[in-house]
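The next block is target_13.tsv, given as TSV, C-alpha atoms and all ligand atoms.
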chain	number	residue	atom	x	y	z
A	1	MET	CA	109.19	142.20	93.15
A	2	ASP	CA	110.16	141.44	96.74
A	3	ASN	CA	112.65	138.79	97.76
A	4	THR	CA	110.03	136.06	98.23
A	5	GLU	CA	108.57	136.67	94.79
A	6	GLU	CA	112.03	136.62	93.25
A	7	ILE	CA	112.75	133.19	94.74
A	8	ALA	CA	109.37	131.93	93.56
A	9	ALA	CA	110.00	133.17	90.02
A	10	GLY	CA	113.43	131.51	89.81
A	11	ALA	CA	112.28	128.23	91.29
A	12	ALA	CA	110.87	125.29	89.38
A	13	VAL	CA	108.56	124.53	92.31
A	14	ARG	CA	107.83	126.63	95.34
A	15	LEU	CA	105.50	125.86	98.22
A	16	ALA	CA	105.32	128.43	101.00
A	17	GLY	CA	103.31	127.55	104.09
A	18	ALA	CA	101.10	125.31	101.94
A	19	ARG	CA	98.20	123.68	103.73
A	20	LYS	CA	95.44	121.33	102.66
A	21	ALA	CA	92.92	119.56	104.86
A	22	TYR	CA	90.27	116.97	104.13
A	23	GLY	CA	87.77	117.46	106.92
A	24	ASP	CA	89.73	116.92	110.13
A	25	VAL	CA	92.72	115.39	108.38
A	26	ARG	CA	95.52	117.87	107.82
A	27	ALA	CA	96.99	116.12	104.76
A	28	VAL	CA	99.49	118.95	104.10
A	29	ASP	CA	100.19	120.94	107.20
A	30	GLY	CA	102.40	123.93	106.39
A	31	ILE	CA	104.98	122.89	103.83
A	32	ASP	CA	107.85	125.11	102.68
A	33	LEU	CA	109.68	123.63	99.75
A	34	THR	CA	111.72	125.21	96.97
A	35	ILE	CA	113.01	123.08	94.10
A	36	ALA	CA	115.54	124.65	91.77
A	37	PRO	CA	115.46	123.99	88.02
A	38	GLY	CA	117.44	120.85	87.18
A	39	GLU	CA	117.05	119.19	90.57
A	40	VAL	CA	115.89	115.58	90.88
A	41	VAL	CA	113.99	115.34	94.14
A	42	ALA	CA	112.55	112.26	95.85
A	43	LEU	CA	109.52	112.72	98.06
A	44	LEU	CA	109.48	110.03	100.72
A	45	GLY	CA	107.18	109.21	103.58
A	46	PRO	CA	105.02	106.48	105.05
A	47	ASN	CA	101.43	105.86	103.88
A	48	GLY	CA	99.27	108.90	104.50
A	49	ALA	CA	102.23	111.29	104.97
A	50	GLY	CA	100.77	113.71	102.42
A	51	LYS	CA	102.92	112.98	99.38
A	52	SER	CA	100.06	112.59	96.90
A	53	THR	CA	98.30	115.66	98.26
A	54	THR	CA	101.52	117.66	97.82
A	55	VAL	CA	101.85	116.34	94.27
A	56	ASP	CA	98.21	117.30	93.57
A	57	LEU	CA	98.86	120.85	94.77
A	58	ILE	CA	101.90	121.16	92.51
A	59	LEU	CA	99.87	119.92	89.57
A	60	GLY	CA	97.02	122.32	90.28
A	61	LEU	CA	94.63	119.41	90.89
A	62	GLY	CA	93.80	120.86	94.27
A	63	ARG	CA	94.06	124.37	95.65
A	64	PRO	CA	95.81	124.97	98.97
A	65	ASP	CA	93.60	126.05	101.90
A	66	GLY	CA	96.46	128.30	102.95
A	67	GLY	CA	99.90	129.39	101.76
A	68	THR	CA	101.02	129.49	98.13
A	69	VAL	CA	102.11	127.03	95.47
A	70	SER	CA	103.80	128.06	92.25
A	71	VAL	CA	105.54	126.33	89.37
A	72	PHE	CA	108.11	128.37	87.44
A	73	GLY	CA	106.64	131.41	89.14
A	74	ARG	CA	103.11	130.75	87.88
A	75	GLU	CA	99.90	129.24	89.11
A	76	PRO	CA	100.22	125.45	88.75
A	77	ALA	CA	97.12	125.23	86.53
A	78	ASP	CA	98.62	127.80	84.12
A	79	ALA	CA	101.93	125.94	84.02
A	80	VAL	CA	100.07	122.71	83.23
A	81	ARG	CA	98.05	124.41	80.50
A	82	ASP	CA	101.25	125.63	78.85
A	83	GLY	CA	102.78	122.15	78.83
A	84	MET	CA	105.47	123.00	81.38
A	85	ILE	CA	104.54	120.07	83.63
A	86	GLY	CA	104.32	116.41	82.73
A	87	ALA	CA	102.69	114.13	85.27
A	88	MET	CA	102.50	110.44	85.91
A	89	LEU	CA	99.94	109.67	88.58
A	90	GLN	CA	98.97	106.47	90.34
A	91	SER	CA	95.40	106.81	89.15
A	92	GLY	CA	95.98	107.71	85.48
A	93	THR	CA	93.70	105.54	83.34
A	94	LEU	CA	94.28	104.67	79.71
A	95	LEU	CA	91.59	104.24	77.06
A	96	ASP	CA	91.38	100.48	76.48
A	97	ASP	CA	90.54	100.63	72.76
A	98	LEU	CA	93.39	102.91	71.73
A	99	THR	CA	96.80	101.54	70.83
A	100	VAL	CA	99.87	102.75	72.68
A	101	ARG	CA	100.91	104.84	69.66
A	102	GLU	CA	97.44	106.43	69.39
A	103	THR	CA	97.34	107.17	73.11
A	104	VAL	CA	100.70	108.91	73.24
A	105	GLY	CA	100.10	110.62	69.88
A	106	LEU	CA	96.77	112.00	71.04
A	107	VAL	CA	98.28	113.56	74.14
A	108	GLY	CA	101.14	114.96	72.08
A	109	LYS	CA	98.66	116.72	69.78
A	110	LEU	CA	97.03	118.42	72.77
A	111	HIS	CA	100.24	120.29	73.49
A	112	ARG	CA	101.65	123.25	71.63
A	113	ARG	CA	105.20	122.11	72.11
A	114	SER	CA	105.60	118.35	72.06
A	115	MET	CA	108.44	115.96	71.32
A	116	PRO	CA	108.18	113.74	68.21
A	117	LEU	CA	105.96	110.73	68.93
A	118	ALA	CA	108.72	108.27	67.99
A	119	GLU	CA	111.06	109.89	70.48
A	120	ALA	CA	108.54	109.66	73.33
A	121	LEU	CA	107.95	105.97	72.53
A	122	ARG	CA	111.68	105.32	72.40
A	123	ARG	CA	112.45	107.17	75.62
A	124	ALA	CA	109.75	105.26	77.48
A	125	GLY	CA	110.96	101.95	75.99
A	126	ILE	CA	107.60	101.06	74.42
A	127	GLU	CA	108.39	101.01	70.70
A	128	GLU	CA	107.83	97.26	70.56
A	129	ILE	CA	104.37	97.45	72.04
A	130	ALA	CA	103.32	100.61	70.16
A	131	ASP	CA	100.58	98.83	68.18
A	132	ARG	CA	99.08	97.00	71.11
A	133	ARG	CA	95.78	98.14	72.60
A	134	ALA	CA	95.91	99.44	76.17
A	135	ALA	CA	93.50	96.71	77.32
A	136	LYS	CA	96.14	94.09	76.44
A	137	LEU	CA	98.99	95.61	78.45
A	138	SER	CA	100.45	94.38	81.72
A	139	GLY	CA	100.55	96.69	84.75
A	140	GLY	CA	104.21	97.51	84.22
A	141	GLN	CA	103.68	98.19	80.51
A	142	LYS	CA	100.81	100.53	81.31
A	143	GLN	CA	103.12	102.40	83.67
A	144	ARG	CA	105.60	102.89	80.83
A	145	VAL	CA	102.83	104.19	78.58
A	146	ARG	CA	101.89	106.67	81.30
A	147	PHE	CA	105.53	107.71	81.40
A	148	ALA	CA	105.45	108.34	77.62
A	149	VAL	CA	102.26	110.38	78.08
A	150	ALA	CA	104.06	112.50	80.69
A	151	LEU	CA	107.11	112.90	78.46
A	152	VAL	CA	105.47	113.68	75.14
A	153	ALA	CA	104.70	117.30	76.08
A	154	ASP	CA	108.47	117.74	76.52
A	155	PRO	CA	107.85	119.32	79.93
A	156	ASP	CA	110.31	121.33	82.00
A	157	LEU	CA	109.08	119.64	85.17
A	158	LEU	CA	108.15	115.98	85.52
A	159	VAL	CA	106.08	114.99	88.53
A	160	LEU	CA	105.82	111.27	89.17
A	161	ASP	CA	103.76	109.61	91.87
A	162	GLU	CA	105.26	106.19	92.62
A	163	PRO	CA	106.27	105.71	88.98
A	164	THR	CA	107.70	102.20	89.25
A	165	ALA	CA	105.03	100.73	91.52
A	166	ALA	CA	103.91	97.99	89.11
A	167	MET	CA	107.24	97.40	87.36
A	168	ASP	CA	109.46	94.36	87.70
A	169	VAL	CA	113.17	94.80	88.40
A	170	GLY	CA	114.17	94.90	84.72
A	171	ALA	CA	111.47	97.42	83.80
A	172	ARG	CA	112.44	99.54	86.78
A	173	ARG	CA	116.05	99.63	85.68
A	174	GLU	CA	115.01	100.60	82.12
A	175	PHE	CA	112.70	103.27	83.49
A	176	TRP	CA	115.45	104.92	85.50
A	177	LYS	CA	117.83	104.73	82.56
A	178	SER	CA	115.43	106.77	80.45
A	179	MET	CA	114.82	109.12	83.37
A	180	HIS	CA	118.55	109.74	83.55
A	181	ALA	CA	118.62	110.62	79.86
A	182	PHE	CA	115.76	113.04	80.51
A	183	THR	CA	117.33	114.74	83.53
A	184	GLU	CA	120.68	115.12	81.75
A	185	THR	CA	118.95	117.71	79.60
A	186	GLY	CA	118.52	119.88	82.71
A	187	ARG	CA	114.87	119.09	83.42
A	188	THR	CA	113.45	119.08	86.91
A	189	VAL	CA	111.97	115.93	88.38
A	190	LEU	CA	109.96	115.36	91.54
A	191	PHE	CA	109.04	111.78	92.31
A	192	ALA	CA	107.20	110.23	95.22
A	193	THR	CA	108.39	106.75	96.07
A	194	HIS	CA	108.30	104.00	98.66
A	195	TYR	CA	111.52	102.49	97.32
A	196	LEU	CA	114.33	103.95	99.37
A	197	GLU	CA	116.95	102.51	97.07
A	198	GLU	CA	115.44	104.51	94.21
A	199	ALA	CA	115.74	107.70	96.20
A	200	GLU	CA	119.25	106.77	97.25
A	201	GLU	CA	120.32	106.04	93.71
A	202	PHE	CA	118.50	108.55	91.56
A	203	ALA	CA	117.70	111.66	93.58
A	204	ASP	CA	119.98	114.65	94.19
A	205	ARG	CA	117.85	115.49	97.13
A	206	VAL	CA	115.46	113.73	99.48
A	207	VAL	CA	112.45	115.34	101.11
A	208	LEU	CA	111.03	113.24	103.93
A	209	MET	CA	107.41	113.84	104.91
A	210	ARG	CA	105.43	112.72	107.91
A	211	SER	CA	101.92	113.77	108.97
A	212	GLY	CA	101.72	116.51	106.36
A	213	ARG	CA	105.05	118.08	107.27
A	214	VAL	CA	108.61	118.00	105.98
A	215	VAL	CA	110.73	116.29	108.64
A	216	ALA	CA	114.01	116.19	106.72
A	217	ASP	CA	115.28	117.77	103.52
A	218	GLY	CA	118.74	117.40	102.04
A	219	SER	CA	121.07	115.10	100.12
A	220	VAL	CA	120.86	111.39	100.89
A	221	ALA	CA	124.01	111.74	103.02
A	222	GLN	CA	122.59	114.71	104.93
A	223	VAL	CA	119.30	112.96	105.68
A	224	ARG	CA	121.14	109.86	106.79
A	225	ALA	CA	123.33	111.95	109.09
A	226	LEU	CA	120.26	113.71	110.51
A	227	ALA	CA	118.97	110.43	111.84
A	228	GLY	CA	122.36	110.02	113.50
A	229	GLY	CA	121.57	106.42	114.33
A	230	ARG	CA	123.47	103.18	114.12
A	231	THR	CA	122.59	99.59	113.45
A	232	ILE	CA	123.66	96.88	115.83
A	233	ARG	CA	123.90	93.32	114.59
A	234	ALA	CA	124.66	90.37	116.80
A	235	VAL	CA	124.08	86.69	117.36
A	236	LEU	CA	121.94	86.29	120.40
A	237	PRO	CA	120.97	82.76	121.50
A	238	GLY	CA	117.38	82.75	122.78
A	239	ALA	CA	116.59	86.27	121.58
A	240	SER	CA	112.92	87.21	121.81
A	241	GLU	CA	110.85	90.09	120.47
A	242	GLY	CA	109.86	91.08	123.99
A	243	MET	CA	113.45	91.45	125.04
A	244	LEU	CA	114.41	93.53	121.99
A	245	THR	CA	111.38	95.80	122.40
A	246	ALA	CA	112.46	96.51	125.97
A	247	LEU	CA	115.90	97.81	124.95
A	248	PRO	CA	116.38	101.58	125.13
A	249	ALA	CA	116.78	103.84	122.05
A	250	VAL	CA	115.74	101.12	119.61
A	251	THR	CA	113.64	102.41	116.70
A	252	ASP	CA	113.35	99.15	114.80
A	253	PHE	CA	114.52	95.58	114.98
A	254	GLU	CA	114.63	92.37	113.01
A	255	LEU	CA	114.89	88.91	114.50
A	256	ARG	CA	115.85	85.90	112.40
A	257	GLY	CA	116.55	82.82	114.46
A	258	ASP	CA	119.44	83.81	116.70
A	259	ARG	CA	120.42	86.80	114.58
A	260	ILE	CA	119.28	90.24	115.56
A	261	SER	CA	119.54	93.57	113.79
A	262	LEU	CA	118.62	96.73	115.69
A	263	SER	CA	118.35	100.37	114.63
A	264	SER	CA	119.28	102.57	117.52
A	265	THR	CA	119.44	106.31	118.07
A	266	ASP	CA	122.04	105.77	120.80
A	267	SER	CA	124.07	102.65	120.13
A	268	ASP	CA	126.18	102.94	123.31
A	269	THR	CA	123.12	102.88	125.55
A	270	THR	CA	121.42	100.12	123.55
A	271	LEU	CA	124.54	97.96	123.55
A	272	ARG	CA	125.11	98.34	127.29
A	273	ALA	CA	121.53	97.30	128.00
A	274	LEU	CA	121.78	94.46	125.51
A	275	LEU	CA	124.92	93.00	127.10
A	276	ASN	CA	123.37	93.40	130.51
A	277	ALA	CA	120.24	91.53	129.51
A	278	ALA	CA	122.02	88.95	127.37
A	279	PRO	CA	125.71	88.47	128.21
A	280	ALA	CA	125.86	85.60	125.71
A	281	ALA	CA	125.50	87.99	122.75
A	282	HIS	CA	128.43	87.64	120.34
A	283	ASP	CA	129.66	88.60	116.86
A	284	ILE	CA	128.52	92.15	117.53
A	285	GLU	CA	128.80	94.67	114.68
A	286	ILE	CA	127.89	98.33	114.78
A	287	GLY	CA	127.33	100.30	111.58
A	288	ALA	CA	125.87	103.59	110.33
A	289	VAL	CA	122.20	103.52	109.33
A	290	GLY	CA	121.30	103.53	105.68
A	291	LEU	CA	118.61	105.72	104.23
A	292	GLU	CA	116.13	103.10	105.37
A	293	GLY	CA	117.15	103.49	108.99
A	294	ALA	CA	117.01	107.27	108.70
A	295	PHE	CA	113.59	106.97	107.13
A	296	LEU	CA	112.29	104.82	109.96
A	297	SER	CA	113.64	106.95	112.74
A	298	LEU	CA	112.61	110.27	111.16
A	299	THR	CA	109.12	109.14	110.27
A	300	SER	CA	108.36	107.11	113.38
A	301	ASP	CA	105.66	108.28	115.78
A	302	GLU	CA	108.19	109.80	118.17
A	303	PRO	CA	110.44	111.86	115.90
A	304	GLU	CA	111.76	113.98	118.76
A	305	GLU	CA	112.80	110.83	120.56
A	306	ALA	CA	114.42	109.52	117.39
A	307	LEU	CA	116.36	112.71	116.80
A	308	ARG	CA	117.59	113.10	120.32
B	1	LIG	N1	90.29	112.97	98.86
B	1	LIG	C1	90.52	112.76	100.15
B	1	LIG	N2	89.52	112.79	101.05
B	1	LIG	C2	89.75	112.60	102.35
B	1	LIG	N3	90.97	112.35	102.89
B	1	LIG	C3	92.00	112.28	102.03
B	1	LIG	C4	91.84	112.48	100.63
B	1	LIG	N4	93.05	112.38	100.04
B	1	LIG	C5	93.93	112.10	101.03
B	1	LIG	N5	93.30	112.07	102.23
B	1	LIG	C6	93.96	111.84	103.54
B	1	LIG	O1	95.04	112.76	103.65
B	1	LIG	C7	96.20	112.14	104.22
B	1	LIG	C8	97.36	112.23	103.26
B	1	LIG	O2	97.09	111.41	102.14
B	1	LIG	P1	98.07	111.30	100.88
B	1	LIG	O3	97.39	110.45	99.86
B	1	LIG	O4	98.49	112.66	100.45
B	1	LIG	O5	99.32	110.54	101.51
B	1	LIG	P2	100.51	109.77	100.77
B	1	LIG	O6	101.75	110.16	101.50
B	1	LIG	O7	100.48	110.01	99.32
B	1	LIG	O8	100.16	108.26	101.08
B	1	LIG	P3	100.47	106.91	100.22
B	1	LIG	O9	101.93	106.64	100.38
B	1	LIG	O10	99.63	105.91	100.93
B	1	LIG	O11	100.06	107.15	98.80
B	1	LIG	C9	95.77	110.71	104.56
B	1	LIG	O12	95.39	110.68	105.91
B	1	LIG	C10	94.59	110.47	103.65
B	1	LIG	O13	93.69	109.54	104.23

How does the structure come out when it is put into C-alpha cells?
Amino acid sequence: MDNTEEIAAGAAVRLAGARKAYGDVRAVDGIDLTIAPGEVVALLGPNGAGKSTTVDLILGLGRPDGGTVSVFGREPADAVRDGMIGAMLQSGTLLDDLTVRETVGLVGKLHRRSMPLAEALRRAGIEEIADRRAAKLSGGQKQRVRFAVALVADPDLLVLDEPTAAMDVGARREFWKSMHAFTETGRTVLFATHYLEEAEEFADRVVLMRSGRVVADGSVAQVRALAGGRTIRAVLPGASEGMLTALPAVTDFELRGDRISLSSTDSDTTLRALLNAAPAAHDIEIGAVGLEGAFLSLTSDEPEEALR
C-alpha cells in the first residue's frame, strides 16, 4: 500500500483530483478533499458551485470522469451497500400512503445493521407524528422523516444536502440538537448548506466551493482570516449605490437610508476613497468580516482580486 492508498484507507471520505462534467459544464473540476473520521464538515458555495455533484460522487450516485473517490477506503457504492453511509438529499421522496413509522421501519429492515426504530424516531424528533401518513406532513416534517431515514441504518458517515432547507427556526434548532448527539458518538458528517450561521455554529471545518473547485478549506476562523477583509459601516448623508460601487476594493455593500455597510478587501484604501468622495461621512466603524463576508469575497467572480 503506498502513501496515497494509506491516507485513503484511513479517511472517512477522500476525493483526489475528482472531476465530473455535464456536457460543457465542469460541475466538479479537480477536487482534492480528505475528511477524517469524526469530522463535521460544512460544504458551502453559491448556487451551481458543484456541492450537490460532489455529494453525489461521495454517495456513488455518479461516477467521476477523472480522479478517485472513496469512502472508508472503499468504492462509494460498496460503502452505501454495507450501510456505512446515510444520506439526506434534497430530492428524496417519501411514499405518500405509508406512515412515518412504516417508512423509517422499512428502510431500517433493508440494512443489516440498523438502530432500533424507536431510537431513530426519537433522534429525529418525530415520535409524535409517527402514525401520520407522509402525504399529510409539512415540508419541515418531511425533512425530519428523511433525517430519520438517513439515521436508521446507524451509518458511520452522514451526508446531508441542505438538510434544514424547509425547516422553521424551531425545527432547525431541534435538528441540530439531534445532530450534535449523533456526532458526539464519533460519526462523520458532511453537510451542504446555504446557511452560513449553521456552518459557523456546527461545523469543525468549512470547505468553500466555487465553479467546481475548492477555494478555501479550514476552520471557520481560518476561512474568515483567508478572506482578510474588513467591514466598514458609516452614516453617509446622500449615499447612492453608484457612489458605493465606484469605491475601490469593495466586494459587497448594503445601503439603508443614510447607513452604509461595505465589505472591503483593503479597508484603508476604501476608507480613503470614501472620505474623499463624501467628507460628510460620520460614525465610521471598521470590523473584521464574518464568515458571510469571507464567503462573498472568496466566492465572488474575481477571487484573485478578493484575496489580494
Ligand atoms: N444532471 C445535470 N445535467 C446537467 N448539468 C448539471 C446537472 N447537475 C448539475 N449540473 C450543473 O452543474 C453545475 C453544478 O451543479 P450542482 O447542483 O452540483 O451545484 P450546487 O453547488 O449543488 O448548487 P445549488 O446550491 O444550487 O444546489 C451547475 O452549473 C449545474 O447547472

Which protein, DNA or RNA residues have an atom within 10 Å of ligand LIG 1 (chain B), counting all atoms listed in the file, as a ChimeraX atom specification? /A:20-29,43-57,62,90,161-162,192-194,209-212

Selection to disk with C-alpha atoms, as a tab-separated table (two decimals), in the frame of the given file:
chain	number	residue	atom	x	y	z
A	20	LYS	CA	95.44	121.33	102.66
A	21	ALA	CA	92.92	119.56	104.86
A	22	TYR	CA	90.27	116.97	104.13
A	23	GLY	CA	87.77	117.46	106.92
A	24	ASP	CA	89.73	116.92	110.13
A	25	VAL	CA	92.72	115.39	108.38
A	26	ARG	CA	95.52	117.87	107.82
A	27	ALA	CA	96.99	116.12	104.76
A	28	VAL	CA	99.49	118.95	104.10
A	29	ASP	CA	100.19	120.94	107.20
A	43	LEU	CA	109.52	112.72	98.06
A	44	LEU	CA	109.48	110.03	100.72
A	45	GLY	CA	107.18	109.21	103.58
A	46	PRO	CA	105.02	106.48	105.05
A	47	ASN	CA	101.43	105.86	103.88
A	48	GLY	CA	99.27	108.90	104.50
A	49	ALA	CA	102.23	111.29	104.97
A	50	GLY	CA	100.77	113.71	102.42
A	51	LYS	CA	102.92	112.98	99.38
A	52	SER	CA	100.06	112.59	96.90
A	53	THR	CA	98.30	115.66	98.26
A	54	THR	CA	101.52	117.66	97.82
A	55	VAL	CA	101.85	116.34	94.27
A	56	ASP	CA	98.21	117.30	93.57
A	57	LEU	CA	98.86	120.85	94.77
A	62	GLY	CA	93.80	120.86	94.27
A	90	GLN	CA	98.97	106.47	90.34
A	161	ASP	CA	103.76	109.61	91.87
A	162	GLU	CA	105.26	106.19	92.62
A	192	ALA	CA	107.20	110.23	95.22
A	193	THR	CA	108.39	106.75	96.07
A	194	HIS	CA	108.30	104.00	98.66
A	209	MET	CA	107.41	113.84	104.91
A	210	ARG	CA	105.43	112.72	107.91
A	211	SER	CA	101.92	113.77	108.97
A	212	GLY	CA	101.72	116.51	106.36

I'd like the interatomic distance between CA of Ala199 (chain A) and CA of Ala42 (chain A), to a tenth of an Å.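 For CA of Ala199 (chain A) relative to CA of Ala42 (chain A), the distance reads 5.6 Å.
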
Atomic distance CA of Val13 (chain A) - CA of Ser70 (chain A), expressed in Å with one decimal: 5.9 Å

Quick one: pull the distance between CA of Glu292 (chain A) and CA of Asp217 (chain A), Å, one decimal.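 About the pair CA of Glu292 (chain A) and CA of Asp217 (chain A): they are 14.8 Å apart.
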
Can you tell me which residues surround Ala135 (chain A) at a distance of at most 10 Å, considering only C-alpha atoms, apart from same-chain residues fewer than 3 positions away, and format the answer as a PDB file with C-alpha atoms, keeping the file's coordinate frame?
ATOM      1  CA  LEU A  94      94.280 104.670  79.710  1.00  0.00           C
ATOM      2  CA  LEU A  95      91.590 104.240  77.060  1.00  0.00           C
ATOM      3  CA  ASP A  96      91.380 100.480  76.480  1.00  0.00           C
ATOM      4  CA  ASP A  97      90.540 100.630  72.760  1.00  0.00           C
ATOM      5  CA  LEU A  98      93.390 102.910  71.730  1.00  0.00           C
ATOM      6  CA  THR A  99      96.800 101.540  70.830  1.00  0.00           C
ATOM      7  CA  VAL A 100      99.870 102.750  72.680  1.00  0.00           C
ATOM      8  CA  ARG A 132      99.080  97.000  71.110  1.00  0.00           C
ATOM      9  CA  SER A 138     100.450  94.380  81.720  1.00  0.00           C
ATOM     10  CA  LYS A 142     100.810 100.530  81.310  1.00  0.00           C
TER      11      LYS A 142
END

Is there a way to get, as number ranges by chain, all residues within 9 Å of the point (106.3, 130.6, 88.6) in file coordinates, counting only C-alpha atoms? A: 5, 8-14, 69-76, 79

Which one of A:Leu196, A:Gly38, A:Ser240, A:Ala120 sits closest to Arg256 (chain A) if you count all atoms listed in the file?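 Distance minimum relative to Arg256 (chain A) lands on A:Ser240.
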
Write out as an MDAnalysis selection string each polymer residue whose atoms come within 9 Å of Thr164 (chain A), counting all atoms listed in the file; drop sequence neighbours fewer than 6 positions from it. chainID A and resid 140 143:144 171:172 175 193 195

Out of A:Arg213, A:Leu274, A:Ala203, A:Thr265, which residue has the shortest atom-to-atom distance to Leu236 (chain A) when counting only C-alpha atoms?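 Among the listed residues, the smallest separation from Leu236 (chain A) belongs to A:Leu274.
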
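Using all atoms listed in the file, the shortest contact distance between Val80 (chain A) and any of A:Leu157, A:Met243, A:Met115, A:Ile232 is found at A:Leu157.
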
So which residues touch region 266-272 of chain A within 9 Å, counting only C-alpha atoms, skipping near sequence neighbours fewer than 5 positions away, as a list in words?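 Here the answer would be Gly228, Gly229, Arg230, Thr231, Ile232, Leu247, Pro248, Ala249, Val250, Ala277, Ile286 and Arg308 of chain A.
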
Considering only C-alpha atoms, state which residue in the set A:Glu198, A:Leu262, A:Leu160, A:Phe253 is at the smallest distance from Ala288 (chain A).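 Checking each of A:Glu198, A:Leu262, A:Leu160, A:Phe253 against Ala288 (chain A), counting only C-alpha atoms, the winner is A:Leu262.
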
Near-Leu117 (chain A) list (10 Å; only C-alpha atoms; drop same-chain fewer than 5 positions) as a list of chain:residue names: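 The residues that qualify are A:Arg101, A:Glu102, A:Val104, A:Gly105, A:Leu106, A:Val107, A:Gly108, A:Lys109, A:Arg122, A:Arg123, A:Ala148, A:Val149, A:Leu151, A:Val152, A:Ala153.
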